[in-house]
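*Asks:* This is the structure I want to talk about, given as structure tokens.
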Amino acid sequence: MSLAKSIVVGRAIAESGLLDPVQCSDNSQVAINNSDHLTVLEPKLPLLHNWISNGASAGSKKSTIDPNDLYDVRGVFNIADLESLGLQIFSKLLIEDGEDRFSFGRIAEPLIISHAWSPVDDSTRDCFLGVLFNTGEVLVLKRTTQDSGQYDVVIRSFTSLLDNMNIPQNRLTSEGDIIVTNAEHLELKITSFTFGKASNGALYILLAHESGSVSIHSLSRGLPEVSRLQAGGTIVKSAWSQDLSTTALLMSDNSVHTISLDDSMQPKSDTQNVKSASRFLVSHLKFISTDTLIVTDSKALHVIKGGSIRETKLPYRSTISGVSFAKSSAGFTAFLSFECGHFSMLTITEEGECTLRPSPQTWTNFVNRTLLQFQYACLKEQNKAPSNVFKPFLNDKVDGNLMIHGSHHSSNGDLVFAYNVVPKNVIHHEIRSKAEFKVAVVSALELDPQITIDQTLGTSISQIHGILLRDYQSFPTPPSNGKEGITEFIRAIQEWKMHNFVDFGEVNLNVSPHESLNKTLSEEFLHNNSIRDLQKLFTFNSAYIATLEALESNEELGTVTAPAKEKVIDEQEMIKTKLATQLRQAVLSLVKFRDLITEADKFLYLSFVKTLPIDYQSQFSNLPAEVKWTESTDLVTETFRVAINQKYDKSFERFALSDSSHSWRRCDLTLFPILSLNNKADESNTFVYSIAEHEPDDPTQLSRLHWK
């Protein structure tokens, strides 16, 4: 942390620590609640010669990280720009039985009071972003383009729940109001939500209603309800265990209840009160394992396991702004940040015993450096003052207060802090346009070398972020000017790459068919560790190629960078071939041509066979001589053919020739020709995918790949 610059987020104020303002996704995305919009830090590939700088002093081995080269910082979902969403829709409700409590709901400004990332969606490798407003509505957002700031609303809790209620037409007024009972009104208002992911990859969302009930829904359009539970009180926060077997509910009286669920999300037993009501405000509750729940209040951390509760007094009486965990050799390490600027670490064993640990030196160094920089900045501003009239009333030394707005531990091992420094013992006012906070990113291994990091979670970009932050001290130093400096930098990069990534030539892939196509694709490709290793290498090579292109400033340097770039490009092509072959063999291993029904399936199947080696093609019998497939859009209709005796060259996988002799770009996933303007590319603009308007009705069809 002491060796990393901070990201400055301007014109924004982070929300209170009680609202968990900092949230990290499994893909290492960071979302920070600014009350009326969200700031999202989206991981990106850095130029390898820019993201890190040499030590300031001669001979220093210390390097400084610039996280601005690792993240794209964007403000998203600004409420002021989203009037079309109708966030005041609850003011359109008319309560017919007169039991609604008095409130100023019609004039309240919509504010974000909670947000969270969903687990990774297996079909898109992306995460949904849920947002809860003080109006009582949950919106689920999703990134639909490469633009890191473009998040679109894909699910609204209000409209979905209202549709499920089947409100009759005679309860809709001519003025656009909706007549509901108070019970229905309380069902529509959401007080808390949380996401979950089942072992089969299905995503769910748990909604806590103001009525005191809890509903579980599939995370899909319309929010189909899976089950309903009764809690019997106002639910403030909720949490879900990793295997979805238990849900924990924080009530308004600071008591905590748990409900056990079976595989179909139905309650297995009555609600259990695991923590009694208290006057001490509970700030966070999180599961660290399937049977261990952590609850923090204003004086202690509680470990709830197996019906027993252990309490550990906390050293500071301040609002806890962030609680996160990492697995370690001793069990778990808990990272606690306090709004007053303090930071604590605790060790929690598998048995639930908790021990407070001394503050790490890395944190102490960060605090000292941050406060010193604040004093220098204040002194500089005083010296810039045009008049010294008030000089006698100013202190030459202005002390600062460190405030931590929130913190969160990311899946790749990063610990993210949102913080600020304000003057101590003064009345401090700052207009919104001048307000700002800072974001610091550090490898959690710097704080606790005992923790372990799961390097299979997240996208390749997020995993590379973790590798860079963990190994930044041994990363090659930026090249000096001249041919010799760049030659040495390229040699050092190659050596570092061999140490941190797999040798693609030593990766041997094979396919073992499973009981279904989905299971086969999941086990043999999506969750295959060898495939992940190749994807990480491919992604790092993309950053390497971009770096070589940036260094190629003149003809002399090109004699050094060009051969290295050509070598990496050749390596990329061989990795792409390995990845594509594994995917196609996984599909072909389970599906026989005689079982296919649609022409689209047959076209995909035969196209896959054509891309495989001759000896592999001989394994398939009953192949037709030719398959014809026609695709139409609003602008054009084209017919394509693939034949078993068709001459094959490398361009076959990239372009498809139609009967009208036009060449069309193929989808890199399915090899279907792309005729529509509605298609996608990956973050590095390397692969192109076709997108259709509607999915096929039969989920067993091979051509379903086309829609994903």
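Chain lettering (A, B, ...) mirrors the order of the structure tokens, residue numbering begins at 1 for each chain separately, and ligand numbering begins at 1 in order of display.
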Identify, on the basis of only C-alpha atoms, every residue whose closest approach to Glu351 (chain A) does not exceed 10 Å; exclude the query and any residue fewer than 3 positions from it along the same chain; express the result as a list in words.

*Replies:*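 Neighbouring residues, sequence-local ones excluded: Thr292, Val303, Lys305, Gly306, Gly331, Ile348 and Cys354 of chain A.
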
*Asks:* What's around Ser238 (chain A) at 7 Å? Count only C-alpha atoms, leave out sequence neighbours fewer than 4 positions away in its own chain, and write the answer as a PyMOL selection string.

*Replies:* chain A and resi 192-194+248-250

*Asks:* May I ask for the distance between CA of Lys44 (chain A) and CA of Asp72 (chain A), given in Å to one decimal place?

*Replies:*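 Going from CA of Lys44 (chain A) over to CA of Asp72 (chain A) covers 6.5 Å.
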
*Asks:* Just the number, please: distance in Å from CA of Ser632 (chain A) to CA of Glu599 (chain A), one decimal.

*Replies:*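 Going from CA of Ser632 (chain A) over to CA of Glu599 (chain A), I get 14.1 Å.
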
*Asks:* What's around region 254-271 of chain A at 9 Å? Count only C-alpha atoms, leave out sequence neighbours fewer than 4 positions away in its own chain, and write the answer as a list in words.

*Replies:*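 The contact residues come out as Ala198, Ile216, Val226, Ser227, Arg228, Leu229, Gln230, Ala231, Val236, Leu244, Ser245, Thr246, Thr247, Ala248, Leu249, Leu250, Lys275, Ser276, Ala277, Ser278, Arg279, Phe280, Leu281, Val282, Leu285, Val295 and Asp297 of chain A.
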
*Asks:* Taking the chain letters and numbering used in this document, name the residues of region 377-520 of chain A that DSSP puts in strand (DSSP E or B), as a list in words.

*Replies:*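 Restricting region 377-520 of chain A to strand (DSSP E or B) produces Gly400, Asn401, Leu402, Met403, Ile404, His405, Gly406, Ser407, His408, His409, Asp414, Leu415, Val416, Phe417, Ala418, Tyr419, Asn420, Val421, Val422, Pro423, Glu436, Phe437, Lys438, Val439, Ala440, Val441, Val442, Ser443 and Ile451 of chain A.
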
*Asks:* Write out as a count of residues only which residues come within 10 Å of region 210-212 of chain A when counting only C-alpha atoms, dropping same-chain ones fewer than 2 positions away.

*Replies:* 24

*Asks:* When you count only C-alpha atoms, which of these residues is closest to Lys327 (chain A): A:Glu381, A:Asn50, A:Asp448, A:Asp533?

*Replies:*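 Distance minimum relative to Lys327 (chain A) lands on A:Asp448.
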
*Asks:* Write out as number ranges by chain the residues lying within 10 Å of region 587-593 of chain A, counting only C-alpha atoms and excluding same-chain residues fewer than 5 positions away.

*Replies:* A: 511-518, 520-521, 524, 581-582, 601-602, 605-606, 608-609, 620-624, 702

*Asks:* How many Å lie between CA of Trp51 (chain A) and CA of Ala543 (chain A), rounded to one decimal?

*Replies:* 11.5 Å

*Asks:* Write out as a ChimeraX atom specification all residues of region 338-471 of chain A that backbone DSSP assigns to alpha helix (DSSP H).

*Replies:* /A:361-383,444-447,460-470

*Asks:* Go ahead and save the residues from that selection, with N, CA, C and O atoms, as a short mmCIF file (atom, residue, chain, number, x, y, z; two decimals), in the first residue's frame.

*Replies:*
data_model
loop_
_atom_site.label_atom_id
_atom_site.label_comp_id
_atom_site.auth_asym_id
_atom_site.auth_seq_id
_atom_site.Cartn_x
_atom_site.Cartn_y
_atom_site.Cartn_z
N GLN A 361 2.60 -3.23 9.82
CA GLN A 361 3.45 -2.07 9.60
C GLN A 361 3.13 -1.40 8.27
O GLN A 361 3.25 -0.17 8.13
N THR A 362 2.68 -2.20 7.29
CA THR A 362 2.32 -1.63 5.99
C THR A 362 1.22 -0.60 6.13
O THR A 362 1.24 0.47 5.50
N TRP A 363 0.23 -0.89 7.00
CA TRP A 363 -0.85 0.07 7.21
C TRP A 363 -0.35 1.32 7.93
O TRP A 363 -0.73 2.44 7.58
N THR A 364 0.50 1.15 8.92
CA THR A 364 1.05 2.29 9.65
C THR A 364 1.81 3.21 8.71
O THR A 364 1.69 4.44 8.78
N ASN A 365 2.60 2.63 7.83
CA ASN A 365 3.35 3.42 6.85
C ASN A 365 2.42 4.21 5.94
O ASN A 365 2.67 5.37 5.61
N PHE A 366 1.34 3.57 5.53
CA PHE A 366 0.38 4.23 4.64
C PHE A 366 -0.26 5.43 5.33
O PHE A 366 -0.38 6.52 4.75
N VAL A 367 -0.69 5.25 6.59
CA VAL A 367 -1.34 6.34 7.33
C VAL A 367 -0.37 7.50 7.51
O VAL A 367 -0.73 8.67 7.27
N ASN A 368 0.86 7.21 7.91
CA ASN A 368 1.85 8.28 8.12
C ASN A 368 2.12 9.04 6.84
O ASN A 368 2.20 10.28 6.83
N ARG A 369 2.27 8.32 5.75
CA ARG A 369 2.55 8.98 4.48
C ARG A 369 1.38 9.83 4.03
O ARG A 369 1.54 10.97 3.55
N THR A 370 0.15 9.31 4.19
CA THR A 370 -1.05 10.03 3.75
C THR A 370 -1.23 11.32 4.53
O THR A 370 -1.52 12.38 3.96
N LEU A 371 -1.05 11.28 5.85
CA LEU A 371 -1.22 12.48 6.68
C LEU A 371 -0.12 13.50 6.41
O LEU A 371 -0.37 14.71 6.42
N LEU A 372 1.09 13.01 6.13
CA LEU A 372 2.18 13.93 5.82
C LEU A 372 1.93 14.65 4.49
O LEU A 372 2.17 15.85 4.36
N GLN A 373 1.44 13.91 3.50
CA GLN A 373 1.12 14.53 2.22
C GLN A 373 0.02 15.58 2.37
O GLN A 373 0.05 16.62 1.71
N PHE A 374 -0.93 15.33 3.27
CA PHE A 374 -1.99 16.31 3.51
C PHE A 374 -1.42 17.59 4.11
O PHE A 374 -1.81 18.70 3.72
N GLN A 375 -0.50 17.46 5.05
CA GLN A 375 0.10 18.64 5.67
C GLN A 375 0.88 19.45 4.64
O GLN A 375 0.81 20.68 4.62
N TYR A 376 1.63 18.77 3.77
CA TYR A 376 2.38 19.47 2.72
C TYR A 376 1.42 20.22 1.78
O TYR A 376 1.68 21.35 1.37
N ALA A 377 0.28 19.57 1.45
CA ALA A 377 -0.69 20.20 0.55
C ALA A 377 -1.30 21.45 1.19
O ALA A 377 -1.49 22.48 0.53
N CYS A 378 -1.61 21.37 2.49
CA CYS A 378 -2.16 22.54 3.19
C CYS A 378 -1.16 23.68 3.25
O CYS A 378 -1.50 24.86 3.04
N LEU A 379 0.10 23.37 3.52
CA LEU A 379 1.13 24.40 3.59
C LEU A 379 1.34 25.06 2.23
O LEU A 379 1.51 26.29 2.13
N LYS A 380 1.26 24.25 1.19
CA LYS A 380 1.42 24.79 -0.16
C LYS A 380 0.29 25.75 -0.50
O LYS A 380 0.50 26.81 -1.11
N GLU A 381 -0.96 25.41 -0.09
CA GLU A 381 -2.10 26.28 -0.35
C GLU A 381 -1.98 27.59 0.43
O GLU A 381 -2.35 28.66 -0.06
N GLN A 382 -1.47 27.51 1.66
CA GLN A 382 -1.30 28.73 2.46
C GLN A 382 -0.29 29.67 1.81
O GLN A 382 -0.49 30.89 1.77
N ASN A 383 0.77 29.12 1.29
CA ASN A 383 1.80 29.95 0.67
C ASN A 383 1.31 30.58 -0.64
O ASN A 383 1.84 31.59 -1.08
N ALA A 444 -3.41 -7.99 -0.64
CA ALA A 444 -3.66 -8.37 0.75
C ALA A 444 -2.49 -9.15 1.33
O ALA A 444 -2.32 -9.22 2.55
N LEU A 445 -1.65 -9.73 0.47
CA LEU A 445 -0.47 -10.45 0.95
C LEU A 445 0.51 -9.52 1.64
O LEU A 445 1.31 -9.96 2.47
N GLU A 446 0.49 -8.22 1.30
CA GLU A 446 1.35 -7.27 1.99
C GLU A 446 0.91 -7.09 3.44
O GLU A 446 1.73 -6.79 4.31
N LEU A 447 -0.39 -7.25 3.68
CA LEU A 447 -0.91 -7.10 5.03
C LEU A 447 -0.83 -8.40 5.82
O LEU A 447 -0.62 -8.39 7.03
N SER A 460 -9.59 -13.42 -16.95
CA SER A 460 -8.14 -13.42 -17.12
C SER A 460 -7.55 -12.06 -16.75
O SER A 460 -6.47 -11.98 -16.16
N ILE A 461 -8.26 -10.98 -17.08
CA ILE A 461 -7.76 -9.65 -16.76
C ILE A 461 -7.65 -9.47 -15.25
O ILE A 461 -6.63 -8.96 -14.75
N SER A 462 -8.67 -9.88 -14.50
CA SER A 462 -8.62 -9.71 -13.05
C SER A 462 -7.53 -10.58 -12.44
O SER A 462 -6.87 -10.17 -11.48
N GLN A 463 -7.31 -11.78 -12.97
CA GLN A 463 -6.25 -12.63 -12.44
C GLN A 463 -4.87 -12.05 -12.73
O GLN A 463 -3.96 -12.14 -11.90
N ILE A 464 -4.70 -11.44 -13.91
CA ILE A 464 -3.43 -10.80 -14.23
C ILE A 464 -3.19 -9.60 -13.30
O ILE A 464 -2.06 -9.36 -12.86
N HIS A 465 -4.25 -8.87 -12.96
CA HIS A 465 -4.12 -7.79 -11.97
C HIS A 465 -3.55 -8.32 -10.68
O HIS A 465 -2.65 -7.71 -10.08
N GLY A 466 -4.09 -9.46 -10.22
CA GLY A 466 -3.59 -10.03 -8.98
C GLY A 466 -2.14 -10.43 -9.07
O GLY A 466 -1.36 -10.21 -8.14
N ILE A 467 -1.74 -11.01 -10.20
CA ILE A 467 -0.35 -11.42 -10.39
C ILE A 467 0.57 -10.21 -10.37
O ILE A 467 1.64 -10.21 -9.73
N LEU A 468 0.17 -9.14 -11.06
CA LEU A 468 1.01 -7.94 -11.12
C LEU A 468 1.19 -7.32 -9.74
O LEU A 468 2.30 -6.92 -9.36
N LEU A 469 0.10 -7.22 -8.98
CA LEU A 469 0.19 -6.60 -7.66
C LEU A 469 0.98 -7.45 -6.68
O LEU A 469 1.69 -6.93 -5.81
N ARG A 470 0.86 -8.77 -6.80
CA ARG A 470 1.59 -9.65 -5.88
C ARG A 470 3.07 -9.71 -6.21
O ARG A 470 3.89 -9.95 -5.33
#

*Asks:* Find the residues around Asn685 (chain A) up to 12 Å (only C-alpha atoms counted), leave out those fewer than 3 positions away in its own chain, and share them as an MDAnalysis selection string.

*Replies:* chainID A and resid 145:146 539 542 668 680:682 688:689

*Asks:* Find the residues of region 206-303 of chain A that sit at most 9 Å from region 316-326 of chain A; for each, write down the nearest two atoms and how far apart they are in Å, to one decimal. Count only C-alpha atoms. Sort by chain, then by number going up, and give it as a Markdown table.

*Replies:*
| residue | atom | partner | partner_atom | distance |
| --- | --- | --- | --- | --- |
| A:Ser283 | CA | A:Ile320 | CA | 6.7 |
| A:His284 | CA | A:Val323 | CA | 7.1 |
| A:Leu285 | CA | A:Val323 | CA | 8.6 |
| A:Lys286 | CA | A:Val323 | CA | 8.3 |
| A:Ile288 | CA | A:Phe325 | CA | 7.0 |
| A:Thr296 | CA | A:Ile320 | CA | 7.9 |
| A:Asp297 | CA | A:Ile320 | CA | 8.0 |
| A:Ser298 | CA | A:Arg317 | CA | 6.1 |
| A:Lys299 | CA | A:Arg317 | CA | 6.1 |

*Asks:* Go ahead and save the picked residues with N, CA and C atoms, as a PDB file, in the first residue's frame.

*Replies:*
ATOM      1  N   SER A 283     -23.613  -3.513  12.070  1.00  0.00           N
ATOM      2  CA  SER A 283     -23.223  -2.872  10.811  1.00  0.00           C
ATOM      3  C   SER A 283     -23.061  -3.854   9.659  1.00  0.00           C
ATOM      4  N   HIS A 284     -22.560  -5.068   9.923  1.00  0.00           N
ATOM      5  CA  HIS A 284     -22.298  -6.023   8.845  1.00  0.00           C
ATOM      6  C   HIS A 284     -22.629  -7.438   9.301  1.00  0.00           C
ATOM      7  N   LEU A 285     -23.054  -8.264   8.345  1.00  0.00           N
ATOM      8  CA  LEU A 285     -23.148  -9.703   8.572  1.00  0.00           C
ATOM      9  C   LEU A 285     -22.788 -10.416   7.281  1.00  0.00           C
ATOM     10  N   LYS A 286     -21.857 -11.383   7.405  1.00  0.00           N
ATOM     11  CA  LYS A 286     -21.357 -12.095   6.239  1.00  0.00           C
ATOM     12  C   LYS A 286     -21.017 -13.531   6.626  1.00  0.00           C
ATOM     13  N   ILE A 288     -18.516 -16.606   6.146  1.00  0.00           N
ATOM     14  CA  ILE A 288     -17.165 -16.912   5.682  1.00  0.00           C
ATOM     15  C   ILE A 288     -17.051 -18.370   5.274  1.00  0.00           C
ATOM     16  N   THR A 296     -20.922  -8.005  13.011  1.00  0.00           N
ATOM     17  CA  THR A 296     -20.201  -6.936  13.710  1.00  0.00           C
ATOM     18  C   THR A 296     -21.184  -5.878  14.170  1.00  0.00           C
ATOM     19  N   ASP A 297     -20.995  -5.405  15.402  1.00  0.00           N
ATOM     20  CA  ASP A 297     -21.761  -4.261  15.882  1.00  0.00           C
ATOM     21  C   ASP A 297     -20.786  -3.190  16.362  1.00  0.00           C
ATOM     22  N   SER A 298     -21.258  -2.201  17.070  1.00  0.00           N
ATOM     23  CA  SER A 298     -20.429  -1.058  17.430  1.00  0.00           C
ATOM     24  C   SER A 298     -19.425  -1.355  18.532  1.00  0.00           C
ATOM     25  N   LYS A 299     -19.435  -2.577  19.084  1.00  0.00           N
ATOM     26  CA  LYS A 299     -18.465  -2.868  20.141  1.00  0.00           C
ATOM     27  C   LYS A 299     -17.735  -4.198  19.980  1.00  0.00           C
TER      28      LYS A 299
END

*Asks:* What's the 9 Å shell around Glu225 (chain A), counting only C-alpha atoms, without same-chain residues fewer than 6 positions away, as a PyMOL selection string?

*Replies:* chain A and resi 164+215-218

*Asks:* Just to be explicit: take each residue in the selection above, keep all heavy atoms, and write the result as a JSON list (two decimals), in the first residue's frame.

*Replies:*
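That gives us result.json:
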[["chain", "number", "residue", "atom", "x", "y", "z"],
["A", 164, "ASN", "N", -46.43, -10.10, -11.19],
["A", 164, "ASN", "CA", -46.73, -11.36, -10.52],
["A", 164, "ASN", "C", -48.00, -11.26, -9.66],
["A", 164, "ASN", "O", -48.64, -12.27, -9.37],
["A", 164, "ASN", "CB", -45.56, -11.80, -9.63],
["A", 164, "ASN", "CG", -44.33, -12.15, -10.46],
["A", 164, "ASN", "OD1", -44.43, -12.44, -11.64],
["A", 164, "ASN", "ND2", -43.16, -12.11, -9.83],
["A", 215, "SER", "N", -38.58, -13.41, -0.29],
["A", 215, "SER", "CA", -38.84, -14.20, -1.49],
["A", 215, "SER", "C", -37.54, -14.46, -2.23],
["A", 215, "SER", "O", -36.63, -13.62, -2.23],
["A", 215, "SER", "CB", -39.84, -13.47, -2.41],
["A", 215, "SER", "OG", -39.34, -12.19, -2.79],
["A", 216, "ILE", "N", -37.45, -15.63, -2.83],
["A", 216, "ILE", "CA", -36.28, -16.03, -3.61],
["A", 216, "ILE", "C", -36.71, -16.18, -5.06],
["A", 216, "ILE", "O", -37.71, -16.84, -5.35],
["A", 216, "ILE", "CB", -35.67, -17.33, -3.07],
["A", 216, "ILE", "CG1", -35.20, -17.13, -1.62],
["A", 216, "ILE", "CG2", -34.50, -17.79, -3.94],
["A", 216, "ILE", "CD1", -34.68, -18.39, -0.96],
["A", 217, "HIS", "N", -35.95, -15.57, -5.97],
["A", 217, "HIS", "CA", -36.32, -15.54, -7.38],
["A", 217, "HIS", "C", -35.14, -15.97, -8.25],
["A", 217, "HIS", "O", -33.98, -15.74, -7.89],
["A", 217, "HIS", "CB", -36.74, -14.13, -7.81],
["A", 217, "HIS", "CG", -37.82, -13.52, -6.97],
["A", 217, "HIS", "ND1", -39.14, -13.49, -7.35],
["A", 217, "HIS", "CD2", -37.77, -12.92, -5.75],
["A", 217, "HIS", "CE1", -39.86, -12.89, -6.41],
["A", 217, "HIS", "NE2", -39.05, -12.54, -5.43],
["A", 218, "SER", "N", -35.45, -16.57, -9.38],
["A", 218, "SER", "CA", -34.43, -16.79, -10.40],
["A", 218, "SER", "C", -34.03, -15.43, -10.98],
["A", 218, "SER", "O", -34.88, -14.57, -11.22],
["A", 218, "SER", "CB", -34.96, -17.69, -11.52],
["A", 218, "SER", "OG", -35.23, -18.98, -11.04]]

*Asks:* With only C-alpha atoms as the basis for distance, which of A:Pro43, A:Ser308, A:Ser25, A:Thr459 is at the shortest distance from Glu353 (chain A)?

*Replies:*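 Among the listed residues, the smallest separation from Glu353 (chain A) belongs to A:Ser308.
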